[in-house]
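What follows is a single structure, written as structure tokens, with notes after it.
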Amino acid sequence: MLQGRPYVSNAHFDLAATRNPLYSFDPTADIAAQKQRMTDKVFELMAPPEKRTNPEPIIEYVYEGDPRFDEIRFRFESEPGFFMPAHMLLPKGVWKAGGAKLPTIICLQGHATGMHISIGRPKHEGDQEDIDGDRDFCVQAVRQGYAAVALEQRGFGELTGELDKTVSCYAPSVQALLLGRTLIGERASDVSRLIDALGCFDECDTNRVGLMGNSGGGTATFYTACVEPRIKIAMPSCAFCGLYDSIFSQYHCVCNYIPRLYKYFEMGDLALMIAPRPIVVVCGAKDSSFPLYGVKREFETVQKIYAAQGAADKCELVVGPEGHRFYADLGWPVFNRLFANI
């Protein structure tokens with residue numbers, strides 16, 4: 001039963017409350033046929049860029065002065081003429097050492113002032129508060145022996161959509177819609193092109209790539225894992241929830257929306273595109289933006305999908321005790337255990 005309906009009269013809520021998405025997961029139907037139909041429709045709705053680019057990254061600098069890790073700042077061409085900035089952190093002694101390639105974690109910040117949060121480097125007022133919410137993802141990952149990559153998302157930080165603002169996804173979101181695209185589709189494509197670029201680094205094992213992020217970064221993590229099979233494990237945080245309970249019934253930034261998505265799917269259904277690759281869903285018990293009852297209901301669908309593919313042990317829900325933040329001490333042990341078996 002749907003919960004969380006606001007105290008308003010609105011035809012949209014009446015439609016949503018009675019809607020059965022057209023492509024809901026059916027455990028009695030052919031799995032492969034459902035997955036193909038879903039994949040075709042999701043690519044149509046997300047409308048990611050189609051043109052491939054030169055994968056070779058352009059290294060801007062290498063900094064080896066931090067005692068915790070070495071840092072490589074680089075950019076790569078995501079669309080013809082459009083370059084994305086990124087930072088890679090490596091455990092000390094790995095850079096240009098010629099050793100074994102490292103499993104690689106791509107880290108996506110959400111609605112923050114930029115990817116510098118992922119490397120624990122405050123630049124603006126309020127940044128330290130974000131970092132204190134366990135959002136220094138790259139520092140956490142490299143500490144555990146991974147190659148960790150912070151990718152700037154379109155609309156945030158260095159790729160902000162409006163002048164003089166550090167967090168503005170509105171302009172690029174609506175511009176993408178006018179062009180017949182979606183910002184989520186573009187962000188997913190950016191991750192794919194990043195994996196191409198990481199293949200040029202001797203230190204990165206692109207056969208063992210994980211993706212994680214919180215809030216808007218968690219949203220991009222989930223949808224990217226749906227359409228990019230090279231993502232071997234995904235850990236979306238504070239983003240996975242029933243569409244009705246979260247982005248339909250509450251105010252959210254427009255970058256969360258894929259036109260017509262709810263006509264075909266609820267969020268849990270989309271896990272069919274990820275399974276049987278592992279997924280760790282992290283949420284906060286007191287997160288009002290993505291309420292726990294909506295998370296749990298959709299995760300039941302995820303469990304059915306994974307069980308139907310003989311992979312019931314490859315999906316886990318991690319519930320933190322607080323609100324809209326990441327939970328490093330709870331999330332990483334589960335992620336590491338599942339990743340170790342890939």
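Following the order of the structure tokens, first chain is A, next is B, and so on, with residues numbered from 1 inside each chain and ligands from 1 in the order they appear.
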
For this session: Give me every strand (DSSP E) residue in segment 78-324 of chain A, going by DSSP on the backbone, as a PyMOL selection string.
Result: chain A and resi 78-79+82-91+102-108+147-151+204-214+231-237+279-284+315-320

Considering only C-alpha atoms, give me a table of residues in segment 85-192 of chain A that are at most 6 Å from segment 38-58 of chain A, with the closest atom pair and distance in Å for each, as CSV.
residue,atom,partner,partner_atom,distance
A:Arg181,CA,A:Ala47,CA,4.9
A:Thr182,CA,A:Met46,CA,5.7
A:Gly185,CA,A:Pro48,CA,4.2
A:Glu186,CA,A:Pro48,CA,5.2

Please produce a file of those selected residues containing all heavy atoms, as a short mmCIF file (atom, residue, chain, number, x, y, z; two decimals), in the first residue's frame.
data_model
loop_
_atom_site.label_atom_id
_atom_site.label_comp_id
_atom_site.auth_asym_id
_atom_site.auth_seq_id
_atom_site.Cartn_x
_atom_site.Cartn_y
_atom_site.Cartn_z
N ARG A 181 17.18 14.85 -24.31
CA ARG A 181 18.03 14.04 -23.47
C ARG A 181 17.62 14.21 -22.01
O ARG A 181 16.64 14.89 -21.71
CB ARG A 181 19.51 14.46 -23.67
CG ARG A 181 20.02 14.07 -25.04
CD ARG A 181 21.23 14.85 -25.54
NE ARG A 181 22.34 14.93 -24.63
CZ ARG A 181 23.61 15.13 -25.02
NH1 ARG A 181 23.90 15.24 -26.32
NH2 ARG A 181 24.58 15.22 -24.17
N THR A 182 18.33 13.55 -21.11
CA THR A 182 18.14 13.75 -19.68
C THR A 182 19.50 13.91 -19.02
O THR A 182 20.49 13.35 -19.50
CB THR A 182 17.41 12.56 -19.02
OG1 THR A 182 18.26 11.40 -19.05
CG2 THR A 182 16.09 12.27 -19.70
N GLY A 185 20.81 10.57 -17.95
CA GLY A 185 21.42 9.86 -19.07
C GLY A 185 22.80 10.37 -19.39
O GLY A 185 23.72 9.59 -19.69
N GLU A 186 22.98 11.68 -19.33
CA GLU A 186 24.29 12.26 -19.58
C GLU A 186 25.29 11.86 -18.50
O GLU A 186 26.45 11.54 -18.79
CB GLU A 186 24.18 13.78 -19.67
CG GLU A 186 23.41 14.26 -20.89
CD GLU A 186 23.18 15.75 -20.89
OE1 GLU A 186 23.28 16.39 -19.81
OE2 GLU A 186 22.89 16.29 -21.97
#

Mind running segment 188-262 of chain A against segment 294-316 of chain A at 7 Å and telling me each contacting residue's nearest atom pair with the distance in Å (one decimal), counting only C-alpha atoms, chain and number ascending, as a tab-separated table?
residue	atom	partner	partner_atom	distance
A:Phe240	CA	A:Val295	CA	6.3
A:Cys241	CA	A:Val295	CA	4.2
A:Gly242	CA	A:Gly294	CA	4.8
A:Asp245	CA	A:Gly294	CA	5.7

For this session: Write out as a ChimeraX atom specification the residues lying within 7 Å of segment 112-129 of chain A, counting only C-alpha atoms and excluding same-chain residues fewer than 5 positions away.
Result: /A:135-139,150-152,156-158,166-167

For this session: For Val334 of chain A, work out the shell of residues within 12 Å, counting only C-alpha atoms and skipping chain neighbours fewer than 2 positions away, then give it as a ChimeraX atom specification.
Result: /A:233-235,278-282,313-319,327-332,336-341

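Restricting the calculation to only C-alpha atoms, the smallest distance between His87 of chain A and any of A:Pro67, A:Ala16, A:Leu292, A:Ala148 is found for A:Ala148.
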
Exercise. Which residues come within 7 Å of Ser78 of chain A, counting only C-alpha atoms, excluding same-chain residues fewer than 5 positions away, as a ChimeraX atom specification?
Worked result: /A:53,83-84,190,193

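The space separating atom CA of Ala147 of chain A from atom CA of Lys101 of chain A comes to 8.9 Å.
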
Considering only alpha helix (DSSP H) as DSSP defines it on the backbone, what residues of segment 69-167 of chain A qualify? List them as a compact mmCIF listing (two decimals) with N, CA, C and O atoms, in the first residue's frame.
# COMPACT_ATOMS: atom_id res chain seq x y z
N ASP A 127 31.20 23.06 3.45
CA ASP A 127 31.82 21.84 2.92
C ASP A 127 32.22 20.87 4.03
O ASP A 127 32.07 19.65 3.87
N GLN A 128 32.75 21.39 5.13
CA GLN A 128 33.21 20.50 6.18
C GLN A 128 32.05 19.71 6.77
O GLN A 128 32.19 18.53 7.12
N GLU A 129 30.89 20.32 6.83
CA GLU A 129 29.70 19.61 7.32
C GLU A 129 29.36 18.43 6.40
O GLU A 129 28.99 17.35 6.86
N ASP A 130 29.46 18.65 5.09
CA ASP A 130 29.23 17.56 4.15
C ASP A 130 30.26 16.45 4.34
O ASP A 130 29.92 15.26 4.35
N PHE A 137 34.34 10.11 0.13
CA PHE A 137 34.28 8.73 -0.36
C PHE A 137 35.64 8.22 -0.85
O PHE A 137 36.02 7.08 -0.59
N CYS A 138 36.34 9.05 -1.61
CA CYS A 138 37.61 8.60 -2.18
C CYS A 138 38.64 8.32 -1.10
O CYS A 138 39.41 7.35 -1.21
N VAL A 139 38.69 9.14 -0.09
CA VAL A 139 39.63 8.92 1.01
C VAL A 139 39.31 7.60 1.70
O VAL A 139 40.21 6.82 2.04
N GLN A 140 38.02 7.34 1.89
CA GLN A 140 37.61 6.08 2.50
C GLN A 140 38.03 4.89 1.63
O GLN A 140 38.54 3.89 2.13
N ALA A 141 37.82 5.00 0.32
CA ALA A 141 38.10 3.89 -0.59
C ALA A 141 39.59 3.61 -0.72
O ALA A 141 40.02 2.45 -0.69
N VAL A 142 40.40 4.66 -0.87
CA VAL A 142 41.84 4.45 -1.05
C VAL A 142 42.46 3.91 0.24
O VAL A 142 43.43 3.15 0.21
N ARG A 143 41.89 4.26 1.37
CA ARG A 143 42.37 3.74 2.66
C ARG A 143 42.23 2.22 2.71
O ARG A 143 42.97 1.53 3.40

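In terms of minimum interatomic distance to His252 of chain A, A:Cys169 ranks closest within A:Ala100, A:Cys169, A:Ile72, A:Ala86, counting only C-alpha atoms.
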
Problem set entry | Residue contacts of Val209 of chain A (8 Å, only C-alpha atoms) excluding same-chain residues fewer than 5 positions away, as a list in words | Pro103, Thr104, Ile105, Ile106, Arg230, Ile231, Lys232 and Ile233 of chain A

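Using only C-alpha atoms, the shortest contact distance between Met267 of chain A and any of A:Ile247, A:Leu108, A:Val149, A:Val174 is found at A:Ile247.
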
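Distances from A:Leu270, A:Ile258, A:Ala239, A:Leu15 to His324 of chain A were compared using only C-alpha atoms, and the smallest one belongs to A:Ala239.
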
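Relative to atom CA of Leu243 of chain A, atom CA of Glu266 of chain A is found at 6.2 Å.
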
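Atom pair atom CA of Arg277 of chain A / atom CA of Pro27 of chain A: separated by 18.0 Å.
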
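Every protein, DNA or RNA residue with an atom at most 8 Å from Cys226 of chain A, where only C-alpha atoms count and chain neighbours fewer than 5 positions away do not, is listed here: A:Leu270, A:Ala271, A:Met273, A:Ile274.
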
Written selection (N, CA and C atoms) as a compact mmCIF listing (two decimals), in the first residue's frame:
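In the end it all went to selection_16.txt:
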# COMPACT_ATOMS: atom_id res chain seq x y z
N LEU A 270 13.75 -1.76 -11.68
CA LEU A 270 14.94 -1.50 -12.49
C LEU A 270 16.15 -2.32 -12.05
N ALA A 271 16.10 -2.87 -10.85
CA ALA A 271 17.21 -3.71 -10.39
C ALA A 271 17.37 -4.94 -11.27
N MET A 273 17.90 -4.88 -14.28
CA MET A 273 18.98 -4.56 -15.20
C MET A 273 20.36 -4.70 -14.55
N ILE A 274 20.40 -4.70 -13.22
CA ILE A 274 21.66 -4.81 -12.49
C ILE A 274 21.93 -6.27 -12.12
